[in-house]
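Chemist: Here's a structure for you.
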Amino acid sequence: MNAQEIRKKYLDFFVARKHQVIPRASLVPQDDPTTLFTGSGMQPLVPYLLGEKHPAGKRLVDSQTCFRAEDMDEVGDNRHTTFFEMLGNWSLGDYYKEEQLTWFWDFLTKAVKLNPAKLYVTCFSGDQLTGVPKDTESAAIWKKLFAKKDIQAKEVEIGSNTTGYQKGLQNGRIFYYDASKNWWSREGPPSNMRLGEPGGPDSEVFYDFGTPHDEKFGTHCHPNCDCGRFSEIGNSVFMAYKKTPKGFEKLPKPNVDFGGGLERIAAACQDSPDVFQISLIKPVIEGLETLSGKDYEQHQAAMRVVADHLRAATWLGVDGVAPSNKAQGYVLRRLLRRAIRYAFELGIEQHLCEKVTPIIASLYEPDFPQVKERKNDVVHAFIKEETIFRQTLRSGVRELTKIAKRNKHLTGVDVFRLYDTYGFPVELSLEEAYLQKVGVSEDWHHDFDRLMEEQKKRSQTASVGMFKGGLADHSEAVVRLHTTTHLMYQALKNVLGEHVVQRGSNITAQRTRFDFSHPGKVRPEQIKQVQDIVNEKIKEDLSVTWKEEDTKEALTSGSSGAFGDKYGEKVKVYTIGDPKKPFSREICGGPHVEHTSVIGEGGKKFRIIKEEASSAGVRRIKAVLD
Ligand code: SER
C-alpha cells in the first residue's frame, strides 16, 4: 500500500466513525504569534482543545502538513525529515481512551495490515508535578487488544530515556515512561509549559523494524532508543489538562489529540526503515539519481538532505513563503541553499530546482489543489534563487578550499573576507568548513564582529575578544551571571527550540552578552517566557555540579556546547538541577555558583535588556541581574 493510499484509508476509516474531514492548515500559522511554522497537527486546533466550539463538530480528522526547522541538521539518516504529513484525529470532549486506542489499533492491524507482533506501546508513568496518575487504563486496553492477537503483553516500568538504556526491553510490550517521553504539549514536558497551555499524558505506538541495536546510543535498546530499530508511528494524546498558577487543572472536557507520521507509517507498511523509499519521496530520489548520474546507495546522506529540503521548500512556497532574509523567508532560503550545496556535492551544478520541484509537486497535486495552483510561481521563484546562489557558491567554495588547504583552519578574518569579498553567507562558511573537515577558531565571531564594525566605518572599534572563555574576570558578580547565562541558554532552547546554539558569549560584572543561532526576532512574549523560566530556576535553588566526561559521551548525551569549539578527549560538564533529570547540561570550564539561589540573593532578578540581530541568523541578547 503506498503512502497516498494510506492517507486515504486513514481519512475514510475515521469518516466511517463519524468524523468530519477538515482541510490542512497553512505551514505558516495564521493567528498564532508563538511560532514560525505549523509543526504538529494539533497546533491549529488549540482553541478548540481549550473548549471553543469547532464548526465541524466534535470528531475531526485530517492530514496536516508539518515543518520542523529545528530538525534541519538531523536530516541525512533514514528517518529524519523537516517536512512531513501528520495524520490526525480529534475528539473534542467526545470519545476517549477506549475508542481511540481500539480504533488506531484496528487501523494499523486491519486497514493497513501491519503485523501486530511488530507493534510496541508506551504509557505515562504518572508524576507528582502534574498530579496525573499512572495510565493503567490505557495499558489495560492495550493488553486486551494484544491478547486478541494471542500476544501476551507484559508491562515494564522503564522510567526515562536514561533508565531505558539501562533496563532494556525485558520481553515487554507495554512500557511506562515518565513525562519526558509520555506527556505531550506544544512546549514539551509539564515543567516547560507556559501558563494556560493545554497538555496531557499520551500513549505511543512503535513499529519494530528488527534492525540490530547500535550500542553507540546506549547499552540496551528500548522503544524510545534512537538507534532506529523502533520508529514511533502514532501518538494518542489525552489532552485533558491545562497549566494554571495553581497547578495542572482539568479542562472542562477531556479531548483526544492523535497524530501519526504518514511517512513513517508508510515505511512500516514497507517493513523498511528508510522513509526516503516511500512513494511520496522515492521519485524525488530517482530524479536526483538521474540528474547526478549517481546511485542513491552510495550517496544516501546527501540525496536525503536534498530531497527533504526541496520537499519542505516546495511546501513553504505553496503556502506563500518567498526566499528572503527574514523569518519564514530566511528559513526557506536556508533550505534552498543547503539543498543546492549538497546537490553540488553530488555533481549537480545546474537546474536542480527546475527539475526536482515539479517532481515533488506532481506527487501532491492530485490530493492538494493548492499545489497545482502555486506550482509555477514556486518553480520560478526557486530558479531565480538558485541562479543567484550558484554564483556565490562557486567563487566562495573555491576561495574557502584555498584557505583550508593553506591553513587547515578558518579564522574570523577568513569568514569575514569570504562574506565581504565573495558574498558568502557566514552560516555557509561554517557549514563548508565542516564539510571540508577543517576547524574554525573558537572565537571567530569576535574578529568577525570587529571587522564588520570597522567596515561600517564606526569611529571606534569595540575591543572584544579579550576575555578568557568570555568572562571578564572571576569576581562574584561575573560568576553569578555566568551560571545565569547557562540557565538562559537552556530557557532559550525550551522557548524557541533546539535550533538555538550558542555562537558566543561575553560576561562582565554588569551584564551578560549572549549570541545564538535563531532565524528571526525573539518576540516580546518569548523574552518574557525566557525571563520567567530563568527566575523560576533561580528560585528553585537547583544545585550546580560538574563532572569530567569523555567528550563523545558528553556530546551525545545532550550537553550543549558552543558551535565551533574544539574539545580535547575529556571535558568538564556542568549540570544544573538533579543530575538524573537536569535542567541544563553544558560543556564549560566554569567557574559557577554552587546553588542557583545565590544568584537571586538580595532580591535580584534576571532581566533581558536588549535583543538584536548580530549577524545573519545570529541573535544577540544582553541581560542583567537587578
Ligand atoms: N500533538 C501530538 C503530536 O504532535 C499528537 O497529534 O505528536
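The way I read the labels, and the way they are meant: chains A, B, ... in the order of the C-alpha cells, residue 1 as the first residue of every chain, and ligand 1 as the first ligand shown, with later ones counted on from there.
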Which of range 267-389 of chain A end up as alpha helix (DSSP H) when DSSP is run on this backbone - answer as an MDAnalysis selection string?

Modeler: chainID A and resid 267:269 282:292 300:318 327:345 352:364 369:389

Chemist: With the cut-off set at 9 Å and counting only C-alpha atoms and all ligand atoms, tabulate each residue of chain A with an atom at most that distance from an atom of ligand 1, showing the nearest atom pair and its distance in Å to one decimal, ordered by chain and increasing number, as JSON lines.

Modeler:
```
{"residue": "A:Gly39", "atom": "CA", "partner": "ligand 1", "partner_atom_place_in_ligand_line": "4 (O)", "distance": 7.5}
{"residue": "A:Ser40", "atom": "CA", "partner": "ligand 1", "partner_atom_place_in_ligand_line": "4 (O)", "distance": 4.6}
{"residue": "A:Gly41", "atom": "CA", "partner": "ligand 1", "partner_atom_place_in_ligand_line": "6 (O)", "distance": 5.4}
{"residue": "A:Met42", "atom": "CA", "partner": "ligand 1", "partner_atom_place_in_ligand_line": "1 (N)", "distance": 5.1}
{"residue": "A:Gln43", "atom": "CA", "partner": "ligand 1", "partner_atom_place_in_ligand_line": "1 (N)", "distance": 7.5}
{"residue": "A:Met86", "atom": "CA", "partner": "ligand 1", "partner_atom_place_in_ligand_line": "6 (O)", "distance": 7.5}
{"residue": "A:Leu87", "atom": "CA", "partner": "ligand 1", "partner_atom_place_in_ligand_line": "6 (O)", "distance": 8.0}
{"residue": "A:Gly88", "atom": "CA", "partner": "ligand 1", "partner_atom_place_in_ligand_line": "6 (O)", "distance": 6.0}
{"residue": "A:Asn89", "atom": "CA", "partner": "ligand 1", "partner_atom_place_in_ligand_line": "6 (O)", "distance": 7.8}
{"residue": "A:Trp90", "atom": "CA", "partner": "ligand 1", "partner_atom_place_in_ligand_line": "6 (O)", "distance": 8.4}
{"residue": "A:Trp184", "atom": "CA", "partner": "ligand 1", "partner_atom_place_in_ligand_line": "2 (C)", "distance": 6.5}
{"residue": "A:Ser185", "atom": "CA", "partner": "ligand 1", "partner_atom_place_in_ligand_line": "1 (N)", "distance": 6.8}
{"residue": "A:Arg186", "atom": "CA", "partner": "ligand 1", "partner_atom_place_in_ligand_line": "1 (N)", "distance": 7.2}
{"residue": "A:Gly199", "atom": "CA", "partner": "ligand 1", "partner_atom_place_in_ligand_line": "1 (N)", "distance": 8.9}
{"residue": "A:Asp202", "atom": "CA", "partner": "ligand 1", "partner_atom_place_in_ligand_line": "5 (C)", "distance": 8.4}
{"residue": "A:Glu204", "atom": "CA", "partner": "ligand 1", "partner_atom_place_in_ligand_line": "7 (O)", "distance": 8.9}
{"residue": "A:Gly234", "atom": "CA", "partner": "ligand 1", "partner_atom_place_in_ligand_line": "7 (O)", "distance": 7.4}
{"residue": "A:Asn235", "atom": "CA", "partner": "ligand 1", "partner_atom_place_in_ligand_line": "5 (C)", "distance": 5.3}
{"residue": "A:Ser236", "atom": "CA", "partner": "ligand 1", "partner_atom_place_in_ligand_line": "5 (C)", "distance": 6.0}
{"residue": "A:Val237", "atom": "CA", "partner": "ligand 1", "partner_atom_place_in_ligand_line": "5 (C)", "distance": 5.7}
{"residue": "A:Met239", "atom": "CA", "partner": "ligand 1", "partner_atom_place_in_ligand_line": "1 (N)", "distance": 8.8}
{"residue": "A:Val256", "atom": "CA", "partner": "ligand 1", "partner_atom_place_in_ligand_line": "5 (C)", "distance": 8.6}
{"residue": "A:Asp257", "atom": "CA", "partner": "ligand 1", "partner_atom_place_in_ligand_line": "6 (O)", "distance": 5.0}
{"residue": "A:Phe258", "atom": "CA", "partner": "ligand 1", "partner_atom_place_in_ligand_line": "6 (O)", "distance": 4.2}
{"residue": "A:Gly259", "atom": "CA", "partner": "ligand 1", "partner_atom_place_in_ligand_line": "6 (O)", "distance": 3.2}
{"residue": "A:Gly260", "atom": "CA", "partner": "ligand 1", "partner_atom_place_in_ligand_line": "6 (O)", "distance": 6.8}
{"residue": "A:Gly261", "atom": "CA", "partner": "ligand 1", "partner_atom_place_in_ligand_line": "7 (O)", "distance": 8.5}
```

Chemist: Of the candidates A:Ile576, A:Leu119, A:Leu352, A:Val75, which shows the shortest atom-to-atom distance to Gly172 in chain A, using only C-alpha atoms?

Modeler: A:Leu119

Chemist: Pull the strand (DSSP E or B) assignments for range 162-325 of chain A out of DSSP run on the backbone, and list those residues as a PDB file with N, CA and C atoms, in the first residue's frame.

Modeler:
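Written output follows (result.pdb):
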```pdb
ATOM      1  N   ILE A 174       4.402  -3.267  26.751  1.00  0.00           N
ATOM      2  CA  ILE A 174       3.802  -2.010  27.195  1.00  0.00           C
ATOM      3  C   ILE A 174       4.805  -1.376  28.159  1.00  0.00           C
ATOM      4  N   PHE A 175       5.279  -0.191  27.828  1.00  0.00           N
ATOM      5  CA  PHE A 175       6.349   0.421  28.604  1.00  0.00           C
ATOM      6  C   PHE A 175       5.869   1.726  29.221  1.00  0.00           C
ATOM      7  N   TYR A 176       6.077   1.859  30.536  1.00  0.00           N
ATOM      8  CA  TYR A 176       5.703   3.114  31.212  1.00  0.00           C
ATOM      9  C   TYR A 176       6.901   4.051  31.243  1.00  0.00           C
ATOM     10  N   TYR A 177       6.761   5.215  30.613  1.00  0.00           N
ATOM     11  CA  TYR A 177       7.812   6.236  30.665  1.00  0.00           C
ATOM     12  C   TYR A 177       7.294   7.456  31.425  1.00  0.00           C
ATOM     13  N   TRP A 183       4.308  12.567  27.877  1.00  0.00           N
ATOM     14  CA  TRP A 183       3.457  13.722  28.136  1.00  0.00           C
ATOM     15  C   TRP A 183       3.575  14.585  26.899  1.00  0.00           C
ATOM     16  N   TRP A 184       2.481  15.127  26.405  1.00  0.00           N
ATOM     17  CA  TRP A 184       2.604  15.970  25.216  1.00  0.00           C
ATOM     18  C   TRP A 184       1.968  17.328  25.415  1.00  0.00           C
ATOM     19  N   PRO A 198      -2.498  23.858  27.047  1.00  0.00           N
ATOM     20  CA  PRO A 198      -3.067  22.528  27.296  1.00  0.00           C
ATOM     21  C   PRO A 198      -2.043  21.419  27.053  1.00  0.00           C
ATOM     22  N   GLY A 199      -2.219  20.314  27.753  1.00  0.00           N
ATOM     23  CA  GLY A 199      -1.319  19.168  27.573  1.00  0.00           C
ATOM     24  C   GLY A 199      -1.931  17.945  28.223  1.00  0.00           C
ATOM     25  N   GLY A 200      -1.250  16.839  28.116  1.00  0.00           N
ATOM     26  CA  GLY A 200      -1.767  15.638  28.766  1.00  0.00           C
ATOM     27  C   GLY A 200      -0.870  14.442  28.559  1.00  0.00           C
ATOM     28  N   PRO A 201      -1.172  13.364  29.270  1.00  0.00           N
ATOM     29  CA  PRO A 201      -0.395  12.140  29.106  1.00  0.00           C
ATOM     30  C   PRO A 201      -0.681  11.546  27.726  1.00  0.00           C
ATOM     31  N   ASP A 202       0.259  10.789  27.198  1.00  0.00           N
ATOM     32  CA  ASP A 202       0.000  10.198  25.891  1.00  0.00           C
ATOM     33  C   ASP A 202       0.394   8.735  25.857  1.00  0.00           C
ATOM     34  N   SER A 203      -0.049   8.080  24.800  1.00  0.00           N
ATOM     35  CA  SER A 203       0.290   6.676  24.614  1.00  0.00           C
ATOM     36  C   SER A 203       0.747   6.505  23.175  1.00  0.00           C
ATOM     37  N   GLU A 204       1.977   6.026  23.008  1.00  0.00           N
ATOM     38  CA  GLU A 204       2.562   5.968  21.671  1.00  0.00           C
ATOM     39  C   GLU A 204       2.672   4.532  21.171  1.00  0.00           C
ATOM     40  N   VAL A 205       2.603   4.384  19.843  1.00  0.00           N
ATOM     41  CA  VAL A 205       2.806   3.068  19.235  1.00  0.00           C
ATOM     42  C   VAL A 205       4.099   3.109  18.435  1.00  0.00           C
ATOM     43  N   PHE A 206       4.903   2.074  18.601  1.00  0.00           N
ATOM     44  CA  PHE A 206       6.175   1.972  17.894  1.00  0.00           C
ATOM     45  C   PHE A 206       6.171   0.746  16.987  1.00  0.00           C
ATOM     46  N   TYR A 207       6.820   0.882  15.841  1.00  0.00           N
ATOM     47  CA  TYR A 207       6.961  -0.257  14.935  1.00  0.00           C
ATOM     48  C   TYR A 207       8.395  -0.769  15.051  1.00  0.00           C
ATOM     49  N   ASP A 208       8.529  -2.078  15.158  1.00  0.00           N
ATOM     50  CA  ASP A 208       9.853  -2.704  15.318  1.00  0.00           C
ATOM     51  C   ASP A 208      10.369  -3.145  13.950  1.00  0.00           C
ATOM     52  N   PHE A 230      13.326   0.926  16.468  1.00  0.00           N
ATOM     53  CA  PHE A 230      11.915   1.258  16.697  1.00  0.00           C
ATOM     54  C   PHE A 230      11.588   2.638  16.118  1.00  0.00           C
ATOM     55  N   SER A 231      10.426   2.738  15.497  1.00  0.00           N
ATOM     56  CA  SER A 231      10.014   4.028  14.957  1.00  0.00           C
ATOM     57  C   SER A 231       8.621   4.354  15.502  1.00  0.00           C
ATOM     58  N   GLU A 232       8.468   5.555  16.050  1.00  0.00           N
ATOM     59  CA  GLU A 232       7.155   5.939  16.582  1.00  0.00           C
ATOM     60  C   GLU A 232       6.224   6.222  15.414  1.00  0.00           C
ATOM     61  N   ILE A 233       5.097   5.526  15.362  1.00  0.00           N
ATOM     62  CA  ILE A 233       4.197   5.728  14.229  1.00  0.00           C
ATOM     63  C   ILE A 233       2.859   6.358  14.622  1.00  0.00           C
ATOM     64  N   GLY A 234       2.644   6.587  15.894  1.00  0.00           N
ATOM     65  CA  GLY A 234       1.397   7.248  16.264  1.00  0.00           C
ATOM     66  C   GLY A 234       1.381   7.596  17.735  1.00  0.00           C
ATOM     67  N   ASN A 235       0.757   8.741  18.029  1.00  0.00           N
ATOM     68  CA  ASN A 235       0.734   9.220  19.404  1.00  0.00           C
ATOM     69  C   ASN A 235      -0.681   9.682  19.761  1.00  0.00           C
ATOM     70  N   SER A 236      -1.304   8.987  20.705  1.00  0.00           N
ATOM     71  CA  SER A 236      -2.628   9.394  21.172  1.00  0.00           C
ATOM     72  C   SER A 236      -2.444  10.218  22.439  1.00  0.00           C
ATOM     73  N   VAL A 237      -2.720  11.519  22.331  1.00  0.00           N
ATOM     74  CA  VAL A 237      -2.564  12.383  23.497  1.00  0.00           C
ATOM     75  C   VAL A 237      -3.928  12.547  24.161  1.00  0.00           C
ATOM     76  N   PHE A 238      -3.957  12.325  25.462  1.00  0.00           N
ATOM     77  CA  PHE A 238      -5.195  12.515  26.202  1.00  0.00           C
ATOM     78  C   PHE A 238      -5.138  13.911  26.810  1.00  0.00           C
ATOM     79  N   MET A 239      -5.517  14.836  25.946  1.00  0.00           N
ATOM     80  CA  MET A 239      -5.351  16.261  26.231  1.00  0.00           C
ATOM     81  C   MET A 239      -6.469  16.690  27.173  1.00  0.00           C
ATOM     82  N   ALA A 240      -6.175  16.639  28.456  1.00  0.00           N
ATOM     83  CA  ALA A 240      -7.254  16.843  29.420  1.00  0.00           C
ATOM     84  C   ALA A 240      -6.876  17.848  30.497  1.00  0.00           C
ATOM     85  N   TYR A 241      -5.681  18.480  30.380  1.00  0.00           N
ATOM     86  CA  TYR A 241      -5.218  19.370  31.451  1.00  0.00           C
ATOM     87  C   TYR A 241      -4.754  20.708  30.897  1.00  0.00           C
ATOM     88  N   LYS A 242      -4.713  21.667  31.813  1.00  0.00           N
ATOM     89  CA  LYS A 242      -4.214  22.995  31.469  1.00  0.00           C
ATOM     90  C   LYS A 242      -3.323  23.435  32.615  1.00  0.00           C
ATOM     91  N   LYS A 243      -2.177  24.066  32.261  1.00  0.00           N
ATOM     92  CA  LYS A 243      -1.303  24.547  33.331  1.00  0.00           C
ATOM     93  C   LYS A 243      -1.852  25.885  33.848  1.00  0.00           C
ATOM     94  N   THR A 244      -2.005  25.986  35.159  1.00  0.00           N
ATOM     95  CA  THR A 244      -2.500  27.232  35.761  1.00  0.00           C
ATOM     96  C   THR A 244      -1.554  27.606  36.905  1.00  0.00           C
ATOM     97  N   GLY A 247      -1.423  24.965  39.455  1.00  0.00           N
ATOM     98  CA  GLY A 247      -1.024  23.598  39.108  1.00  0.00           C
ATOM     99  C   GLY A 247      -1.753  23.133  37.868  1.00  0.00           C
ATOM    100  N   PHE A 248      -1.820  21.821  37.693  1.00  0.00           N
ATOM    101  CA  PHE A 248      -2.459  21.291  36.491  1.00  0.00           C
ATOM    102  C   PHE A 248      -3.934  21.023  36.760  1.00  0.00           C
ATOM    103  N   GLU A 249      -4.772  21.799  36.051  1.00  0.00           N
ATOM    104  CA  GLU A 249      -6.214  21.647  36.268  1.00  0.00           C
ATOM    105  C   GLU A 249      -6.841  20.910  35.104  1.00  0.00           C
ATOM    106  N   LYS A 250      -7.941  20.222  35.381  1.00  0.00           N
ATOM    107  CA  LYS A 250      -8.633  19.517  34.310  1.00  0.00           C
ATOM    108  C   LYS A 250      -9.327  20.507  33.388  1.00  0.00           C
ATOM    109  N   LEU A 251      -9.288  20.238  32.080  1.00  0.00           N
ATOM    110  CA  LEU A 251     -10.047  21.048  31.123  1.00  0.00           C
ATOM    111  C   LEU A 251     -11.522  20.712  31.306  1.00  0.00           C
ATOM    112  N   PRO A 252     -12.425  21.599  30.831  1.00  0.00           N
ATOM    113  CA  PRO A 252     -13.861  21.309  31.029  1.00  0.00           C
ATOM    114  C   PRO A 252     -14.236  19.908  30.532  1.00  0.00           C
ATOM    115  N   LYS A 253     -13.652  19.513  29.376  1.00  0.00           N
ATOM    116  CA  LYS A 253     -13.908  18.156  28.870  1.00  0.00           C
ATOM    117  C   LYS A 253     -12.608  17.560  28.370  1.00  0.00           C
ATOM    118  N   PRO A 254     -12.370  16.276  28.617  1.00  0.00           N
ATOM    119  CA  PRO A 254     -11.125  15.684  28.129  1.00  0.00           C
ATOM    120  C   PRO A 254     -11.183  15.447  26.612  1.00  0.00           C
ATOM    121  N   ASN A 255     -10.058  15.675  25.953  1.00  0.00           N
ATOM    122  CA  ASN A 255     -10.002  15.528  24.500  1.00  0.00           C
ATOM    123  C   ASN A 255      -9.031  14.429  24.107  1.00  0.00           C
ATOM    124  N   VAL A 256      -9.159  13.984  22.866  1.00  0.00           N
ATOM    125  CA  VAL A 256      -8.120  13.132  22.277  1.00  0.00           C
ATOM    126  C   VAL A 256      -7.472  13.935  21.159  1.00  0.00           C
ATOM    127  N   ASP A 257      -6.151  13.943  21.140  1.00  0.00           N
ATOM    128  CA  ASP A 257      -5.383  14.562  20.057  1.00  0.00           C
ATOM    129  C   ASP A 257      -4.462  13.475  19.539  1.00  0.00           C
ATOM    130  N   PHE A 258      -4.815  12.925  18.382  1.00  0.00           N
ATOM    131  CA  PHE A 258      -3.955  11.869  17.844  1.00  0.00           C
ATOM    132  C   PHE A 258      -3.147  12.395  16.672  1.00  0.00           C
ATOM    133  N   GLY A 259      -1.865  12.033  16.610  1.00  0.00           N
ATOM    134  CA  GLY A 259      -1.026  12.379  15.459  1.00  0.00           C
ATOM    135  C   GLY A 259      -0.135  11.217  15.093  1.00  0.00           C
ATOM    136  N   GLY A 260      -0.087  10.900  13.800  1.00  0.00           N
ATOM    137  CA  GLY A 260       0.797   9.825  13.332  1.00  0.00           C
ATOM    138  C   GLY A 260       1.465  10.246  12.037  1.00  0.00           C
ATOM    139  N   GLY A 261       2.787  10.084  11.949  1.00  0.00           N
ATOM    140  CA  GLY A 261       3.530  10.495  10.755  1.00  0.00           C
ATOM    141  C   GLY A 261       3.203   9.591   9.572  1.00  0.00           C
TER     142      GLY A 261
END
```

Chemist: In Å, with one decimal, what is the gap from CA of Val415 in chain A to CA of Leu435 in chain A?

Modeler: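 Rounded to one decimal, the two atoms are 15.1 Å apart.
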
Chemist: Can you pull out the residues contacting Gly126 in chain A? Cut-off 8 Å, using only C-alpha atoms, and skip same-chain residues under 6 positions away; I want them as a list in words.

Modeler: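 With the cut-off at 8 Å, the set is Val132, Pro133, Lys134, Asp135, Asp178 and Ala179 of chain A.
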
Chemist: I need the chosen residues saved as a PDB file, in the first residue's frame, with N, CA, C and O atoms.

Modeler:
```
ATOM      1  N   VAL A 132      -1.003  13.884  37.833  1.00  0.00           N
ATOM      2  CA  VAL A 132      -1.722  12.985  36.924  1.00  0.00           C
ATOM      3  C   VAL A 132      -1.244  11.551  37.185  1.00  0.00           C
ATOM      4  O   VAL A 132      -0.043  11.296  37.184  1.00  0.00           O
ATOM      5  N   PRO A 133      -2.194  10.626  37.435  1.00  0.00           N
ATOM      6  CA  PRO A 133      -1.777   9.279  37.830  1.00  0.00           C
ATOM      7  C   PRO A 133      -1.229   8.447  36.670  1.00  0.00           C
ATOM      8  O   PRO A 133      -1.383   8.803  35.504  1.00  0.00           O
ATOM      9  N   LYS A 134      -0.628   7.345  37.038  1.00  0.00           N
ATOM     10  CA  LYS A 134      -0.113   6.373  36.077  1.00  0.00           C
ATOM     11  C   LYS A 134      -1.265   5.907  35.173  1.00  0.00           C
ATOM     12  O   LYS A 134      -2.373   5.640  35.664  1.00  0.00           O
ATOM     13  N   ASP A 135      -1.003   5.786  33.877  1.00  0.00           N
ATOM     14  CA  ASP A 135      -2.083   5.490  32.940  1.00  0.00           C
ATOM     15  C   ASP A 135      -2.303   3.975  32.780  1.00  0.00           C
ATOM     16  O   ASP A 135      -2.087   3.407  31.706  1.00  0.00           O
ATOM     17  N   ASP A 178       8.255   8.272  31.893  1.00  0.00           N
ATOM     18  CA  ASP A 178       7.872   9.484  32.625  1.00  0.00           C
ATOM     19  C   ASP A 178       7.462  10.603  31.657  1.00  0.00           C
ATOM     20  O   ASP A 178       7.403  10.399  30.441  1.00  0.00           O
ATOM     21  N   ALA A 179       7.260  11.804  32.241  1.00  0.00           N
ATOM     22  CA  ALA A 179       6.729  12.918  31.435  1.00  0.00           C
ATOM     23  C   ALA A 179       7.683  13.378  30.337  1.00  0.00           C
ATOM     24  O   ALA A 179       7.265  14.026  29.386  1.00  0.00           O
TER      25      ALA A 179
END
```

Chemist: Per residue of range 347-452 of chain A within 12 Å of range 284-295 of chain A, which atom pair is closest and at what distance in Å (one decimal), using only C-alpha atoms, listed by chain and increasing number, as CSV?

Modeler:
```
residue,atom,partner,partner_atom,distance
A:Gly347,CA,A:Ser292,CA,5.8
A:Ile348,CA,A:Ser292,CA,5.4
A:Glu349,CA,A:Ser292,CA,8.9
A:Gln350,CA,A:Leu291,CA,9.3
A:His351,CA,A:Leu291,CA,8.8
A:Leu352,CA,A:Leu291,CA,8.0
A:Cys353,CA,A:Leu288,CA,10.8
A:Glu354,CA,A:Leu291,CA,11.2
A:Lys355,CA,A:Gly287,CA,7.9
A:Val356,CA,A:Gly287,CA,6.6
A:Thr357,CA,A:Val284,CA,8.8
A:Pro358,CA,A:Val284,CA,9.6
A:Ile359,CA,A:Val284,CA,6.3
A:Ile360,CA,A:Val284,CA,6.5
A:Ala361,CA,A:Val284,CA,10.2
A:Ser362,CA,A:Val284,CA,10.3
A:Leu363,CA,A:Val284,CA,9.3
```

Chemist: Mind giving me the straight-line distance from CA of Val305 in chain A to CA of Ile278 in chain A in Å, one decimal?

Modeler: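 These atoms are spaced 15.5 Å apart.
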
Chemist: So, counting only C-alpha atoms, which residue among A:Leu393, A:Val624, A:Glu611, A:Tyr10 is closest to Thr508 in chain A?

Modeler: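 Closest to Thr508 in chain A, using only C-alpha atoms: A:Val624.
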
Chemist: Here is a test: counting only C-alpha atoms, which residue of A:Arg619, A:Lys539, A:His474, A:Lys149 is nearest to Lys604 in chain A?

Modeler: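 Looking at the shortest contact to Lys604 in chain A, the residue is A:Lys539.
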
Chemist: Report the distance between CA of Lys580 in chain A and CA of Asp550 in chain A in Å, rounded to one decimal place.

Modeler: 17.9 Å

Chemist: Rank A:Leu114, A:Asp414, A:Asn494, A:Asn325 by their smallest atom-to-atom distance to Glu187 in chain A, using only C-alpha atoms, and report the top residue only.

Modeler: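 Closest to Glu187 in chain A, using only C-alpha atoms: A:Asn494.
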
Chemist: Could you list, as JSON, numbers by chain, every residue within 9 Å of Thr575 in chain A, counting only C-alpha atoms and ignoring same-chain residues fewer than 3 positions away?

Modeler: {"A": [543, 544, 545, 546, 547, 559, 578, 579, 582, 583, 584, 585, 586, 587]}

Chemist: Rank A:Val438, A:Glu74, A:Ala623, A:Asp319 by their smallest atom-to-atom distance to Arg406 in chain A, using only C-alpha atoms, and report the top residue only.

Modeler: A:Val438

Chemist: Can you work out which one of A:Val593, A:Thr551, A:Ile151, A:Pro245 has the shortest atom-to-atom distance to Val573 in chain A, counting only C-alpha atoms?

Modeler: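 The closest residue to Val573 in chain A is A:Thr551.
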